[in-house]
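Source file: start03.cif. Holds: mmCIF, C-alpha atoms.
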```
data_structure
loop_
_atom_site.label_atom_id
_atom_site.label_comp_id
_atom_site.auth_asym_id
_atom_site.auth_seq_id
_atom_site.Cartn_x
_atom_site.Cartn_y
_atom_site.Cartn_z
CA MET B 277 -8.99 10.43 17.28
CA PHE B 278 -6.30 9.13 14.89
CA HIS B 279 -4.85 6.04 16.60
CA HIS B 280 -2.50 3.97 14.48
CA ILE B 281 0.14 1.41 15.49
CA THR B 282 3.00 1.56 13.00
CA VAL B 283 4.01 -1.87 11.67
CA LEU B 284 7.71 -2.87 11.37
CA LYS B 285 8.60 0.69 12.38
CA GLU B 286 12.23 0.20 13.44
CA GLU B 287 12.97 -2.40 10.77
CA ALA B 288 11.68 -0.26 7.88
CA ALA B 289 13.63 2.83 9.04
CA GLU B 290 16.74 0.71 9.67
CA GLY B 291 16.39 -0.66 6.14
CA LEU B 292 16.69 2.88 4.76
CA ARG B 293 20.06 3.33 6.54
CA ILE B 294 19.26 6.99 7.24
CA LYS B 295 21.97 9.61 6.76
CA ARG B 296 21.65 12.81 8.80
CA ASP B 297 21.76 15.06 5.75
CA GLY B 298 19.87 12.77 3.35
CA ILE B 299 16.59 13.33 1.51
CA TYR B 300 13.86 10.79 2.29
CA VAL B 301 10.32 10.18 1.05
CA ASP B 302 7.49 8.53 2.99
CA CYS B 303 5.05 7.63 0.21
CA THR B 304 2.37 6.55 2.69
CA LEU B 305 2.26 8.97 5.64
CA GLY B 306 -0.72 7.28 7.35
CA GLY B 307 -0.23 7.62 11.11
CA ALA B 308 3.19 9.29 10.53
CA GLY B 309 4.89 6.65 12.72
CA HIS B 310 7.62 5.92 10.18
CA SER B 311 7.91 9.59 9.24
CA SER B 312 8.43 10.77 12.82
CA LEU B 313 11.17 8.17 13.32
CA ILE B 314 12.90 9.15 10.05
CA ALA B 315 12.61 12.89 10.86
CA SER B 316 14.09 12.33 14.34
CA LYS B 317 17.25 10.91 12.73
CA LEU B 318 17.78 13.84 10.35
CA GLY B 319 20.28 16.64 10.95
CA GLU B 320 20.12 20.32 10.06
CA TYR B 321 20.32 19.70 6.30
CA GLY B 322 18.25 16.52 6.21
CA ARG B 323 14.84 16.52 4.51
CA LEU B 324 11.69 14.41 4.57
CA ILE B 325 8.91 14.60 2.00
CA GLY B 326 5.66 12.93 3.11
CA LEU B 327 2.91 11.92 0.70
CA ASP B 328 -0.69 10.85 1.35
CA GLN B 329 -4.00 11.17 -0.48
CA ASP B 330 -6.07 11.13 2.72
CA ASP B 331 -6.84 14.61 4.15
CA TRP B 332 -7.35 13.18 7.61
CA ALA B 333 -3.94 11.49 7.62
CA LEU B 334 -2.27 14.70 6.41
CA GLU B 335 -3.88 16.76 9.17
CA HIS B 336 -2.74 14.28 11.80
CA ALA B 337 0.77 14.07 10.31
CA LYS B 338 1.08 17.86 10.37
CA GLU B 339 0.48 17.81 14.15
CA LYS B 340 2.69 14.80 14.83
CA LEU B 341 5.59 16.13 12.74
CA ALA B 342 5.31 19.73 14.05
CA PRO B 343 8.62 19.42 16.01
CA TYR B 344 10.39 18.74 12.68
CA SER B 345 8.47 21.24 10.53
CA ASP B 346 11.68 22.94 9.33
CA LYS B 347 12.78 19.74 7.56
CA VAL B 348 9.44 18.15 6.57
CA SER B 349 7.23 18.86 3.52
CA LEU B 350 3.77 17.26 3.30
CA VAL B 351 2.00 16.81 -0.05
CA LYS B 352 -1.53 15.57 -0.81
CA THR B 353 -1.06 13.15 -3.70
CA ASN B 354 -1.09 9.52 -4.77
CA PHE B 355 2.41 8.03 -4.77
CA ARG B 356 1.97 7.14 -8.45
CA ASN B 357 2.94 10.83 -8.94
CA LEU B 358 6.22 10.37 -7.03
CA GLU B 359 8.69 11.59 -9.68
CA GLU B 360 6.55 14.60 -10.61
CA ILE B 361 6.21 15.63 -6.93
CA LEU B 362 9.97 15.32 -6.34
CA LYS B 363 10.57 17.66 -9.27
CA GLU B 364 8.05 20.14 -7.84
CA GLN B 365 9.86 19.90 -4.49
CA SER B 366 13.13 20.97 -6.19
CA VAL B 367 14.98 17.78 -5.26
CA PRO B 368 18.51 17.65 -6.82
CA GLU B 369 18.46 15.95 -10.23
CA LYS B 370 20.84 13.86 -12.31
CA ASP B 371 20.13 13.62 -16.06
CA GLY B 372 16.70 15.15 -15.37
CA ILE B 373 15.72 12.54 -12.74
CA PRO B 374 15.27 13.57 -9.07
CA GLN B 375 17.71 11.83 -6.70
CA VAL B 376 16.82 10.94 -3.08
CA ASP B 377 18.49 8.77 -0.43
CA GLY B 378 15.55 6.67 0.66
CA ILE B 379 11.90 5.91 -0.13
CA LEU B 380 9.37 4.11 2.06
CA PHE B 381 6.09 2.40 1.10
CA ASP B 382 3.77 1.10 3.84
CA LEU B 383 0.86 -0.25 1.82
CA GLY B 384 -2.76 -1.02 2.64
CA VAL B 385 -5.19 0.82 4.91
CA SER B 386 -4.21 2.53 8.15
CA SER B 387 -6.03 1.53 11.35
CA PRO B 388 -8.06 4.76 11.61
CA GLN B 389 -9.46 4.24 8.11
CA PHE B 390 -10.71 0.84 9.24
CA ASP B 391 -11.87 2.02 12.65
CA GLU B 392 -13.80 5.08 11.48
CA GLY B 393 -16.97 3.38 10.28
CA GLU B 394 -18.19 6.17 8.00
CA ARG B 395 -15.32 5.60 5.55
CA GLY B 396 -16.86 2.27 4.52
CA PHE B 397 -13.63 0.23 4.66
CA SER B 398 -14.80 -2.12 7.38
CA TYR B 399 -17.42 -4.88 7.45
CA ASN B 400 -17.63 -4.36 11.24
CA HIS B 401 -19.44 -1.00 10.89
CA ASP B 402 -22.63 -0.27 8.98
CA ALA B 403 -21.73 2.71 6.78
CA PRO B 404 -22.21 4.07 3.24
CA LEU B 405 -20.36 2.11 0.54
CA ASP B 406 -17.42 4.47 0.03
CA MET B 407 -13.88 3.00 0.50
CA ARG B 408 -12.09 5.99 -1.06
CA MET B 409 -8.71 6.87 0.42
CA ASP B 410 -8.89 10.18 -1.45
CA GLN B 411 -12.32 11.66 -0.71
CA SER B 412 -12.17 13.77 -3.88
CA ALA B 413 -11.88 10.69 -6.14
CA GLU B 414 -14.94 9.81 -8.24
CA LEU B 415 -15.08 6.02 -8.02
CA THR B 416 -16.69 4.54 -4.87
CA ALA B 417 -17.63 1.03 -3.76
CA ASP B 418 -21.27 2.10 -4.23
CA ILE B 419 -20.68 2.68 -7.97
CA ILE B 420 -18.99 -0.72 -8.39
CA ILE B 421 -21.66 -2.62 -6.43
CA ASN B 422 -24.69 -0.88 -7.95
CA THR B 423 -23.64 -0.22 -11.56
CA TRP B 424 -20.86 -2.58 -12.67
CA SER B 425 -21.79 -5.81 -14.47
CA GLU B 426 -21.95 -9.17 -12.71
CA GLN B 427 -18.81 -10.27 -14.58
CA GLU B 428 -16.86 -7.15 -13.59
CA ILE B 429 -17.84 -7.49 -9.92
CA ALA B 430 -16.87 -11.19 -9.93
CA ARG B 431 -13.50 -10.28 -11.51
CA VAL B 432 -12.76 -7.64 -8.84
CA LEU B 433 -13.63 -10.03 -5.98
CA PHE B 434 -11.60 -12.88 -7.48
CA GLN B 435 -8.60 -10.96 -8.84
CA TYR B 436 -8.08 -8.50 -5.98
CA GLY B 437 -9.76 -10.29 -3.08
CA GLU B 438 -8.76 -13.85 -4.06
CA GLU B 439 -12.36 -14.82 -3.22
CA LYS B 440 -13.08 -18.25 -4.71
CA PHE B 441 -16.86 -17.79 -4.41
CA SER B 442 -16.72 -14.50 -6.35
CA ARG B 443 -19.20 -15.59 -9.04
CA ARG B 444 -21.83 -16.70 -6.52
CA ILE B 445 -21.42 -13.45 -4.57
CA ALA B 446 -21.59 -11.28 -7.72
CA LYS B 447 -24.78 -13.09 -8.81
CA LEU B 448 -26.42 -12.41 -5.43
CA ILE B 449 -25.33 -8.74 -5.50
CA VAL B 450 -26.90 -8.17 -8.92
CA ALA B 451 -30.11 -10.01 -7.96
CA ARG B 452 -30.44 -7.91 -4.77
CA ARG B 453 -29.75 -4.54 -6.43
CA GLU B 454 -32.46 -5.22 -9.05
CA LYS B 455 -34.99 -4.95 -6.21
CA GLN B 456 -33.36 -1.93 -4.57
CA PRO B 457 -29.88 -0.33 -4.43
CA ILE B 458 -27.39 -1.78 -1.94
CA GLN B 459 -26.45 1.22 0.18
CA THR B 460 -24.40 0.14 3.19
CA THR B 461 -21.45 -2.03 4.17
CA GLY B 462 -23.74 -3.98 6.50
CA GLU B 463 -26.11 -4.92 3.66
CA LEU B 464 -23.20 -5.90 1.45
CA ALA B 465 -21.55 -8.01 4.17
CA GLU B 466 -24.81 -9.96 4.63
CA ILE B 467 -25.09 -10.65 0.87
CA ILE B 468 -21.45 -11.83 0.75
CA LYS B 469 -22.10 -14.10 3.73
CA GLU B 470 -25.07 -15.64 1.86
CA GLY B 471 -22.80 -16.38 -1.11
CA ILE B 472 -20.29 -18.39 0.92
CA PRO B 473 -21.18 -21.99 1.91
CA ALA B 474 -21.85 -22.48 5.63
CA ALA B 475 -18.94 -24.92 6.06
CA THR B 476 -16.49 -22.37 4.64
CA ARG B 477 -17.94 -19.56 6.77
CA ARG B 478 -16.96 -21.43 9.92
CA THR B 479 -13.23 -21.03 9.19
CA GLY B 480 -10.86 -18.27 8.08
CA GLY B 481 -12.21 -15.15 9.78
CA HIS B 482 -15.01 -12.85 8.64
CA PRO B 483 -16.68 -14.09 5.41
CA ALA B 484 -16.63 -10.57 3.87
CA LYS B 485 -12.92 -9.96 4.47
CA ARG B 486 -11.64 -10.98 1.00
CA SER B 487 -14.46 -9.28 -0.92
CA PHE B 488 -14.01 -6.01 0.98
CA GLN B 489 -10.28 -6.14 0.26
CA GLY B 490 -10.99 -6.66 -3.44
CA LEU B 491 -13.41 -3.74 -3.59
CA ARG B 492 -11.05 -1.42 -1.71
CA ILE B 493 -8.17 -2.25 -4.06
CA ALA B 494 -10.38 -1.64 -7.11
CA VAL B 495 -11.81 1.66 -5.80
CA ASN B 496 -8.33 3.06 -5.14
CA ASP B 497 -6.50 1.28 -8.00
CA GLU B 498 -3.99 0.28 -5.34
CA LEU B 499 -2.04 -2.29 -7.34
CA GLY B 500 -1.75 -0.10 -10.45
CA ALA B 501 -0.59 2.84 -8.33
CA PHE B 502 1.95 0.65 -6.50
CA GLU B 503 3.45 -0.69 -9.74
CA GLU B 504 3.88 2.83 -11.11
CA GLY B 505 5.18 4.18 -7.79
CA LEU B 506 7.76 1.42 -7.23
CA HIS B 507 9.23 1.74 -10.75
CA GLN B 508 9.56 5.50 -10.16
CA ALA B 509 11.12 4.90 -6.74
CA VAL B 510 13.90 2.76 -8.24
CA ARG B 511 14.50 5.44 -10.87
CA CYS B 512 14.63 8.27 -8.31
CA LEU B 513 17.05 6.67 -5.85
CA ALA B 514 20.56 8.11 -5.77
CA PRO B 515 23.41 5.55 -5.85
CA GLY B 516 23.50 3.88 -2.42
CA GLY B 517 19.90 5.01 -1.75
CA ARG B 518 17.42 2.45 -0.47
CA VAL B 519 13.75 1.60 -0.79
CA SER B 520 11.80 -0.11 2.03
CA VAL B 521 8.44 -1.69 1.13
CA ILE B 522 5.94 -3.10 3.62
CA THR B 523 3.16 -5.19 2.05
CA PHE B 524 0.13 -6.79 3.72
CA HIS B 525 -1.12 -9.39 1.25
CA SER B 526 0.19 -11.76 -1.40
CA LEU B 527 -0.82 -9.61 -4.40
CA GLU B 528 1.22 -6.60 -3.21
CA ASP B 529 4.16 -8.76 -2.14
CA ARG B 530 4.22 -10.57 -5.51
CA ILE B 531 4.30 -7.25 -7.40
CA CYS B 532 7.03 -5.93 -5.10
CA LYS B 533 9.15 -9.06 -5.49
CA GLN B 534 8.74 -9.15 -9.29
CA ILE B 535 9.52 -5.45 -9.83
CA LEU B 536 12.58 -5.43 -7.57
CA SER B 537 13.85 -8.66 -9.15
CA SER B 538 13.53 -7.12 -12.62
CA TYR B 539 16.18 -4.51 -11.65
CA VAL B 540 18.66 -7.02 -10.18
CA ALA B 541 21.73 -8.02 -12.24
CA LYS B 542 21.20 -11.12 -14.36
CA CYS B 543 24.32 -12.26 -16.23
CA THR B 544 23.42 -13.67 -19.65
CA CYS B 545 26.93 -14.87 -20.58
CA PRO B 546 27.36 -18.58 -21.44
CA PRO B 547 28.34 -20.56 -18.31
CA ASP B 548 31.75 -21.51 -19.77
CA PHE B 549 32.86 -17.84 -20.13
CA PRO B 550 35.76 -17.12 -17.72
CA MET B 551 34.33 -13.66 -16.88
CA CYS B 552 31.16 -11.63 -17.42
CA VAL B 553 31.15 -9.59 -20.64
CA CYS B 554 27.39 -9.02 -21.09
CA GLY B 555 27.48 -5.85 -18.98
CA ASN B 556 24.07 -6.65 -17.47
CA ASN B 557 24.98 -5.19 -14.08
CA GLY B 558 21.49 -4.42 -12.86
CA GLN B 559 20.35 -1.28 -11.06
CA ILE B 560 19.72 -2.52 -7.53
CA LYS B 561 20.75 -5.22 -5.08
CA LEU B 562 18.34 -6.88 -2.66
CA ILE B 563 19.27 -6.31 0.99
CA ASN B 564 17.15 -9.21 2.25
CA ARG B 565 16.49 -12.24 0.03
CA LYS B 566 13.59 -13.27 2.23
CA PRO B 567 11.13 -10.67 3.54
CA ILE B 568 11.48 -9.41 7.13
CA VAL B 569 8.37 -10.20 9.21
CA PRO B 570 7.13 -8.84 12.57
CA SER B 571 8.64 -10.21 15.79
CA GLU B 572 6.60 -12.30 18.22
CA LEU B 573 6.40 -9.25 20.50
CA GLU B 574 4.98 -7.06 17.73
CA LEU B 575 2.44 -9.75 16.81
CA GLU B 576 1.28 -9.85 20.44
CA GLU B 577 0.93 -6.05 20.59
CA ASN B 578 -0.69 -5.59 17.16
CA SER B 579 -2.60 -8.46 15.53
CA ARG B 580 -2.97 -6.40 12.31
CA SER B 581 0.77 -6.79 11.71
CA ARG B 582 0.39 -10.55 11.18
CA SER B 583 0.54 -10.51 7.37
CA ALA B 584 3.17 -7.75 7.03
CA LYS B 585 6.33 -8.35 5.00
CA LEU B 586 9.23 -5.92 4.51
CA ARG B 587 11.54 -5.97 1.48
CA VAL B 588 14.55 -3.66 1.12
CA ALA B 589 16.69 -2.90 -1.94
CA GLU B 590 19.66 -0.60 -2.59
CA LYS B 591 20.48 1.38 -5.76
CA LEU B 592 23.85 0.47 -7.25
#
```

As a first step, turn the structure in this file into structure tokens.
Amino acid sequence: MFHHITVLKEEAAEGLRIKRDGIYVDCTLGGAGHSSLIASKLGEYGRLIGLDQDDWALEHAKEKLAPYSDKVSLVKTNFRNLEEILKEQSVPEKDGIPQVDGILFDLGVSSPQFDEGERGFSYNHDAPLDMRMDQSAELTADIIINTWSEQEIARVLFQYGEEKFSRRIAKLIVARREKQPIQTTGELAEIIKEGIPAATRRTGGHPAKRSFQGLRIAVNDELGAFEEGLHQAVRCLAPGGRVSVITFHSLEDRICKQILSSYVAKCTCPPDFPMCVCGNNGQIKLINRKPIVPSELELEENSRSRSAKLRVAEKL
């Protein structure tokens, strides 16, 4: 059963300002909540291209989007291949660059990936150390935990999980695996718990939360893929087209904010010039200076939406 509550559903679609005959891309199909809303707003000549690297999500999306099958194309891929896929989908081009009217990113892990224990994303289920979003990918959490050096493991936990006890945890992991391989999420969660002082364990949720996040991001190269994908998204937007990005933690949001800001106009003329002559017009404008966050009602209905932030930008 694929049960997923879509976060900031109306707000993200509204941010795209959907035109009936526009071309839109959902880079993260997941539960297809955003996609079904976008597809429902499209007219006869409108088009939606949905991307996901998870076979399970694609199968579910195919069923959910069946009523709109004449205007929807689904592609198994990582969104870091966005521009290449748009070319393969024969999207209209300008100067050799595909041009679409809107692109959506809803980052992180969908609820079913967490809830299905065998995928290894969750510390609440005892399962093999996997964490791959794309089941055909080579790197797994098992490989990181059982073969990477203590320094590399500590770096992953600190850099991607923002775990301040990363060195202690990495030391314990290496000591444990020297006796026998660490095979399950349950074993790993217990080791992580050991590495965090008792006083700290009493606050801030499950002690393994940050480390599991760090491992998942490393296994799927989530931040690298997002950087590549967002740069391509800005490039592939037609004038007036919009990008909506939903992030779930500070690392993603920081990257999103920095990349979008880098495309905004920044006049470099001396302050005493009567008018701008530098020509640094920028490529996008930010629709919301501050991120949009879930309403109180959404937070009540879906606790997983708590950390979500939506940023929207428009191509000039």

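The list of residues within 7 Å of (0.4, 10.7, 0.3), counted using all atoms listed in the file, is Cys303, Thr304, Leu305, Gly326, Leu327, Asp328, Gln329, Asp330, Val351, Lys352, Thr353, Asn354 and Phe355 of chain B.
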
**OP:** Go ahead and compute the interatomic distance for CA of Glu359 in chain B and CA of Ile379 in chain B, in Å to one decimal.
**Re:**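 Separation between CA of Glu359 in chain B and CA of Ile379 in chain B: 11.6 Å.
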
**OP:** Would you write out, as number ranges by chain, every residue that the PyMOL selection byres ((chain B and resi 436) around 12) captures in this file?
**Re:** B: 428-435, 437-440, 442, 485-500, 525-528

Can you write just those residues out, C-alpha atoms, as a PDB file, in the frame of the given file?
```pdb
ATOM      1  CA  GLU B 428     -16.860  -7.150 -13.590  1.00  0.00           C
ATOM      2  CA  ILE B 429     -17.840  -7.490  -9.920  1.00  0.00           C
ATOM      3  CA  ALA B 430     -16.870 -11.190  -9.930  1.00  0.00           C
ATOM      4  CA  ARG B 431     -13.500 -10.280 -11.510  1.00  0.00           C
ATOM      5  CA  VAL B 432     -12.760  -7.640  -8.840  1.00  0.00           C
ATOM      6  CA  LEU B 433     -13.630 -10.030  -5.980  1.00  0.00           C
ATOM      7  CA  PHE B 434     -11.600 -12.880  -7.480  1.00  0.00           C
ATOM      8  CA  GLN B 435      -8.600 -10.960  -8.840  1.00  0.00           C
ATOM      9  CA  GLY B 437      -9.760 -10.290  -3.080  1.00  0.00           C
ATOM     10  CA  GLU B 438      -8.760 -13.850  -4.060  1.00  0.00           C
ATOM     11  CA  GLU B 439     -12.360 -14.820  -3.220  1.00  0.00           C
ATOM     12  CA  LYS B 440     -13.080 -18.250  -4.710  1.00  0.00           C
ATOM     13  CA  SER B 442     -16.720 -14.500  -6.350  1.00  0.00           C
ATOM     14  CA  LYS B 485     -12.920  -9.960   4.470  1.00  0.00           C
ATOM     15  CA  ARG B 486     -11.640 -10.980   1.000  1.00  0.00           C
ATOM     16  CA  SER B 487     -14.460  -9.280  -0.920  1.00  0.00           C
ATOM     17  CA  PHE B 488     -14.010  -6.010   0.980  1.00  0.00           C
ATOM     18  CA  GLN B 489     -10.280  -6.140   0.260  1.00  0.00           C
ATOM     19  CA  GLY B 490     -10.990  -6.660  -3.440  1.00  0.00           C
ATOM     20  CA  LEU B 491     -13.410  -3.740  -3.590  1.00  0.00           C
ATOM     21  CA  ARG B 492     -11.050  -1.420  -1.710  1.00  0.00           C
ATOM     22  CA  ILE B 493      -8.170  -2.250  -4.060  1.00  0.00           C
ATOM     23  CA  ALA B 494     -10.380  -1.640  -7.110  1.00  0.00           C
ATOM     24  CA  VAL B 495     -11.810   1.660  -5.800  1.00  0.00           C
ATOM     25  CA  ASN B 496      -8.330   3.060  -5.140  1.00  0.00           C
ATOM     26  CA  ASP B 497      -6.500   1.280  -8.000  1.00  0.00           C
ATOM     27  CA  GLU B 498      -3.990   0.280  -5.340  1.00  0.00           C
ATOM     28  CA  LEU B 499      -2.040  -2.290  -7.340  1.00  0.00           C
ATOM     29  CA  GLY B 500      -1.750  -0.100 -10.450  1.00  0.00           C
ATOM     30  CA  HIS B 525      -1.120  -9.390   1.250  1.00  0.00           C
ATOM     31  CA  SER B 526       0.190 -11.760  -1.400  1.00  0.00           C
ATOM     32  CA  LEU B 527      -0.820  -9.610  -4.400  1.00  0.00           C
ATOM     33  CA  GLU B 528       1.220  -6.600  -3.210  1.00  0.00           C
TER      34      GLU B 528
END
```

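Taken over the shown file, the PyMOL selection byres ((chain B and resi 587) around 9) identifies Ala288, Gly291, Val519, Ser520, Val521, Ile522, Thr523, Asp529, Cys532, Lys533, Leu562, Ile563, Asn564, Arg565, Lys566, Pro567, Ile568, Lys585, Leu586, Val588 and Ala589 of chain B.
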
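Straight-line separation from CA of His482 in chain B to CA of Ile458 in chain B: 19.7 Å.
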
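Between CA of Ser412 in chain B and CA of Ala342 in chain B lies a distance of 25.7 Å.
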
**OP:** Please identify all polymer residues within 6 Å of range 555-559 of chain B, counting only C-alpha atoms, omitting same-chain residues fewer than 2 positions from it, and present them as a ChimeraX atom specification.
**Re:** /B:539-541,543,553,591-592

**OP:** Name the residues within 7 Å of (-27.2, 1.3, -7.7), counting all atoms listed in the file in the file's coordinates, and put them as a PyMOL selection string.
**Re:** chain B and resi 418-419+421-423+453+457-458

**OP:** I need the residue set behind the PyMOL selection byres ((chain B and resi 505-508) around 8) for this file; please write it as a list of chain:residue names.
**Re:** B:Phe355, B:Arg356, B:Asn357, B:Leu358, B:Glu359, B:Ala501, B:Phe502, B:Glu503, B:Glu504, B:Ala509, B:Val510, B:Arg511, B:Cys512, B:Cys532, B:Ile535

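Distances from B:Leu383, B:Met551, B:Ala475, B:Ala514 to Gly298 in chain B were compared using all atoms listed in the file, and the smallest one belongs to B:Ala514.
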
Original post:
Given the choices B:Arg518, B:Lys370, B:Arg443, B:Arg580, which gets closest to Ile560 in chain B if the distance is worked out from only C-alpha atoms?
Top reply: B:Arg518

Subject >> Spatial neighbours of Tyr321 in chain B, 9 Å, only C-alpha atoms, chain gap at least 5 places, as a ChimeraX atom specification >> reply: /B:296-299,347

**OP:** Would you mind listing what lies within 8 Å of Ile467 in chain B as a list in words, with all atoms listed in the file counted and same-chain residues fewer than 4 positions away left out?
**Re:** Ile445, Leu448, Ile449, Glu463 and Gly471 of chain B

Original post:
Of the candidates B:Lys447, B:Thr460, B:Tyr344, B:Glu360, which one gets nearest to Gly396 in chain B if we count only C-alpha atoms?
Top reply: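 Among the listed residues, the smallest separation from Gly396 in chain B belongs to B:Thr460.
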